Amino acid sequence: MVNTNTNWTSLSDQAIVEAIGGYVKHQRLNQNKTQAQIAEAAGVNRWTISQIEKGEAISLTSLIQILRALDTLHVFSNFKIEQQISPLELANLEKQKRQRARNKNTNPQTDSEW
């Protein structure tokens, strides 16, 4: 079984670029597509595909185009921003919750016949 956990913080920038290039090449080969086919679908030069697969840096826009052509944009799902509430805000919201129900009598009688 292969260890898939990568400690990204311990890698150099160059090692990360090489890992991205390896991922692109792996995906391309799994789809049985040539560099030229991916380059055409992505709207980039074949040289750009070759560069990233060799571990050379390319522009972020080119990477997005390549990943789109490989149908692997899901790798960006970790960039999703999720709202988080602080413990203090949560405590304040808990205080504001209703504690009791009130009868909604629409015709209250203020004067008593007694």
# chains A, B, ... in the order shown; residues from 1 in each chain; ligands from 1
>>> residues_around(residues="Ala42 in chain A", least_positions_apart="6", cutoff="10 Å", atoms="only C-alpha atoms", output="list in words")
Ala36, Ile49, Ser62, Leu63, Ile64, Gln65, Ile66, Leu67, Arg68, Ala69 and Leu70 of chain A
>>> select_by_dssp(residues="chain A", states="helix (DSSP H, G or I)", output="PyMOL selection string")
chain A and resi 8-10+13-30+35-42+46-53+60-69+73-79+87-96
>>> residues_around(residues="Ser50 in chain A", least_positions_apart="2", cutoff="10 Å", atoms="only C-alpha atoms", output="mmCIF file with C-alpha atoms, in the first residue's frame")
data_model
loop_
_atom_site.group_PDB
_atom_site.id
_atom_site.type_symbol
_atom_site.label_atom_id
_atom_site.label_comp_id
_atom_site.auth_asym_id
_atom_site.auth_seq_id
_atom_site.Cartn_x
_atom_site.Cartn_y
_atom_site.Cartn_z
ATOM 1 C CA GLY A 21 3.709 18.051 -12.911
ATOM 2 C CA LYS A 25 1.244 13.575 -16.377
ATOM 3 C CA GLN A 35 0.394 16.147 -24.745
ATOM 4 C CA ALA A 36 -0.811 17.624 -28.028
ATOM 5 C CA ALA A 39 -2.657 21.259 -25.178
ATOM 6 C CA ASN A 45 1.148 25.118 -26.411
ATOM 7 C CA ARG A 46 2.304 21.530 -26.195
ATOM 8 C CA TRP A 47 5.538 22.987 -24.828
ATOM 9 C CA THR A 48 3.587 24.218 -21.760
ATOM 10 C CA ILE A 52 4.841 21.240 -16.254
ATOM 11 C CA GLU A 53 5.335 17.493 -16.667
ATOM 12 C CA LYS A 54 9.121 18.022 -16.423
ATOM 13 C CA GLY A 55 8.651 19.933 -13.181
ATOM 14 C CA GLU A 56 9.122 23.397 -14.621
#
>>> closest_residue(among="A:Ala101, A:Val17, A:Leu90, A:Leu11", to="Ser59 in chain A", atoms="only C-alpha atoms")
A:Val17
>>> decode(residues="range 57-85 of chain A", atoms="N, CA, C and O atoms", output="mmCIF file, in the first residue's frame")
data_model
loop_
_atom_site.group_PDB
_atom_site.id
_atom_site.type_symbol
_atom_site.label_atom_id
_atom_site.label_comp_id
_atom_site.auth_asym_id
_atom_site.auth_seq_id
_atom_site.Cartn_x
_atom_site.Cartn_y
_atom_site.Cartn_z
ATOM 1 N N ALA A 57 8.093 25.416 -13.803
ATOM 2 C CA ALA A 57 6.986 26.291 -13.421
ATOM 3 C C ALA A 57 6.269 26.831 -14.657
ATOM 4 O O ALA A 57 6.898 27.137 -15.678
ATOM 5 N N ILE A 58 4.959 26.915 -14.562
ATOM 6 C CA ILE A 58 4.134 27.538 -15.593
ATOM 7 C C ILE A 58 3.190 28.505 -14.881
ATOM 8 O O ILE A 58 3.132 28.542 -13.654
ATOM 9 N N SER A 59 2.436 29.267 -15.632
ATOM 10 C CA SER A 59 1.528 30.235 -15.011
ATOM 11 C C SER A 59 0.328 29.512 -14.394
ATOM 12 O O SER A 59 -0.040 28.406 -14.815
ATOM 13 N N LEU A 60 -0.244 30.159 -13.411
ATOM 14 C CA LEU A 60 -1.417 29.582 -12.756
ATOM 15 C C LEU A 60 -2.577 29.454 -13.737
ATOM 16 O O LEU A 60 -3.306 28.460 -13.715
ATOM 17 N N THR A 61 -2.727 30.418 -14.618
ATOM 18 C CA THR A 61 -3.797 30.359 -15.617
ATOM 19 C C THR A 61 -3.621 29.144 -16.525
ATOM 20 O O THR A 61 -4.591 28.446 -16.819
ATOM 21 N N SER A 62 -2.395 28.882 -16.931
ATOM 22 C CA SER A 62 -2.138 27.704 -17.773
ATOM 23 C C SER A 62 -2.447 26.421 -17.016
ATOM 24 O O SER A 62 -3.021 25.485 -17.578
ATOM 25 N N LEU A 63 -2.084 26.377 -15.739
ATOM 26 C CA LEU A 63 -2.383 25.192 -14.936
ATOM 27 C C LEU A 63 -3.889 24.967 -14.848
ATOM 28 O O LEU A 63 -4.361 23.838 -14.987
ATOM 29 N N ILE A 64 -4.641 26.029 -14.628
ATOM 30 C CA ILE A 64 -6.106 25.911 -14.562
ATOM 31 C C ILE A 64 -6.653 25.384 -15.882
ATOM 32 O O ILE A 64 -7.509 24.496 -15.902
ATOM 33 N N GLN A 65 -6.152 25.909 -16.988
ATOM 34 C CA GLN A 65 -6.617 25.454 -18.300
ATOM 35 C C GLN A 65 -6.293 23.974 -18.514
ATOM 36 O O GLN A 65 -7.115 23.226 -19.051
ATOM 37 N N ILE A 66 -5.118 23.556 -18.084
ATOM 38 C CA ILE A 66 -4.718 22.156 -18.250
ATOM 39 C C ILE A 66 -5.590 21.251 -17.379
ATOM 40 O O ILE A 66 -6.087 20.216 -17.835
ATOM 41 N N LEU A 67 -5.792 21.647 -16.133
ATOM 42 C CA LEU A 67 -6.630 20.833 -15.246
ATOM 43 C C LEU A 67 -8.074 20.772 -15.743
ATOM 44 O O LEU A 67 -8.735 19.747 -15.602
ATOM 45 N N ARG A 68 -8.550 21.857 -16.335
ATOM 46 C CA ARG A 68 -9.902 21.854 -16.907
ATOM 47 C C ARG A 68 -9.967 20.867 -18.076
ATOM 48 O O ARG A 68 -10.917 20.099 -18.198
ATOM 49 N N ALA A 69 -8.942 20.862 -18.914
ATOM 50 C CA ALA A 69 -8.911 19.931 -20.056
ATOM 51 C C ALA A 69 -8.844 18.478 -19.573
ATOM 52 O O ALA A 69 -9.375 17.582 -20.228
ATOM 53 N N LEU A 70 -8.213 18.265 -18.413
ATOM 54 C CA LEU A 70 -8.122 16.917 -17.847
ATOM 55 C C LEU A 70 -9.339 16.579 -16.985
ATOM 56 O O LEU A 70 -9.420 15.481 -16.443
ATOM 57 N N ASP A 71 -10.253 17.516 -16.848
ATOM 58 C CA ASP A 71 -11.460 17.364 -16.020
ATOM 59 C C ASP A 71 -11.080 17.036 -14.571
ATOM 60 O O ASP A 71 -11.648 16.144 -13.947
ATOM 61 N N THR A 72 -10.109 17.770 -14.045
ATOM 62 C CA THR A 72 -9.644 17.543 -12.674
ATOM 63 C C THR A 72 -9.615 18.836 -11.855
ATOM 64 O O THR A 72 -8.795 18.982 -10.950
ATOM 65 N N LEU A 73 -10.517 19.747 -12.144
ATOM 66 C CA LEU A 73 -10.572 20.999 -11.377
ATOM 67 C C LEU A 73 -10.969 20.763 -9.925
ATOM 68 O O LEU A 73 -10.821 21.657 -9.097
ATOM 69 N N HIS A 74 -11.442 19.575 -9.611
ATOM 70 C CA HIS A 74 -11.836 19.265 -8.241
ATOM 71 C C HIS A 74 -10.666 19.404 -7.270
ATOM 72 O O HIS A 74 -10.886 19.512 -6.063
ATOM 73 N N VAL A 75 -9.438 19.419 -7.764
ATOM 74 C CA VAL A 75 -8.290 19.556 -6.866
ATOM 75 C C VAL A 75 -8.292 20.904 -6.143
ATOM 76 O O VAL A 75 -7.634 21.061 -5.126
ATOM 77 N N PHE A 76 -9.060 21.850 -6.655
ATOM 78 C CA PHE A 76 -9.134 23.164 -6.021
ATOM 79 C C PHE A 76 -10.211 23.232 -4.949
ATOM 80 O O PHE A 76 -10.453 24.300 -4.383
ATOM 81 N N SER A 77 -10.855 22.132 -4.636
ATOM 82 C CA SER A 77 -11.942 22.148 -3.655
ATOM 83 C C SER A 77 -11.467 22.554 -2.264
ATOM 84 O O SER A 77 -12.260 23.054 -1.464
ATOM 85 N N ASN A 78 -10.209 22.377 -1.964
ATOM 86 C CA ASN A 78 -9.691 22.792 -0.662
ATOM 87 C C ASN A 78 -9.598 24.305 -0.516
ATOM 88 O O ASN A 78 -9.396 24.803 0.589
ATOM 89 N N PHE A 79 -9.754 25.033 -1.595
ATOM 90 C CA PHE A 79 -9.682 26.488 -1.538
ATOM 91 C C PHE A 79 -11.016 27.126 -1.186
ATOM 92 O O PHE A 79 -11.125 28.338 -1.113
ATOM 93 N N LYS A 80 -12.025 26.318 -0.956
ATOM 94 C CA LYS A 80 -13.354 26.827 -0.614
ATOM 95 C C LYS A 80 -13.315 27.493 0.768
ATOM 96 O O LYS A 80 -12.782 26.942 1.720
ATOM 97 N N ILE A 81 -13.890 28.672 0.859
ATOM 98 C CA ILE A 81 -13.935 29.400 2.125
ATOM 99 C C ILE A 81 -15.243 29.078 2.817
ATOM 100 O O ILE A 81 -16.315 29.226 2.249
ATOM 101 N N GLU A 82 -15.120 28.610 4.043
ATOM 102 C CA GLU A 82 -16.306 28.283 4.820
ATOM 103 C C GLU A 82 -16.385 29.235 6.009
ATOM 104 O O GLU A 82 -15.383 29.492 6.674
ATOM 105 N N GLN A 83 -17.573 29.745 6.248
ATOM 106 C CA GLN A 83 -17.786 30.635 7.381
ATOM 107 C C GLN A 83 -17.623 29.858 8.673
ATOM 108 O O GLN A 83 -18.170 28.768 8.825
ATOM 109 N N GLN A 84 -16.881 30.415 9.578
ATOM 110 C CA GLN A 84 -16.720 29.804 10.887
ATOM 111 C C GLN A 84 -17.158 30.819 11.929
ATOM 112 O O GLN A 84 -16.894 32.005 11.805
ATOM 113 N N ILE A 85 -17.829 30.332 12.937
ATOM 114 C CA ILE A 85 -18.328 31.203 13.985
ATOM 115 C C ILE A 85 -17.451 31.024 15.222
ATOM 116 O O ILE A 85 -17.069 29.910 15.569
#
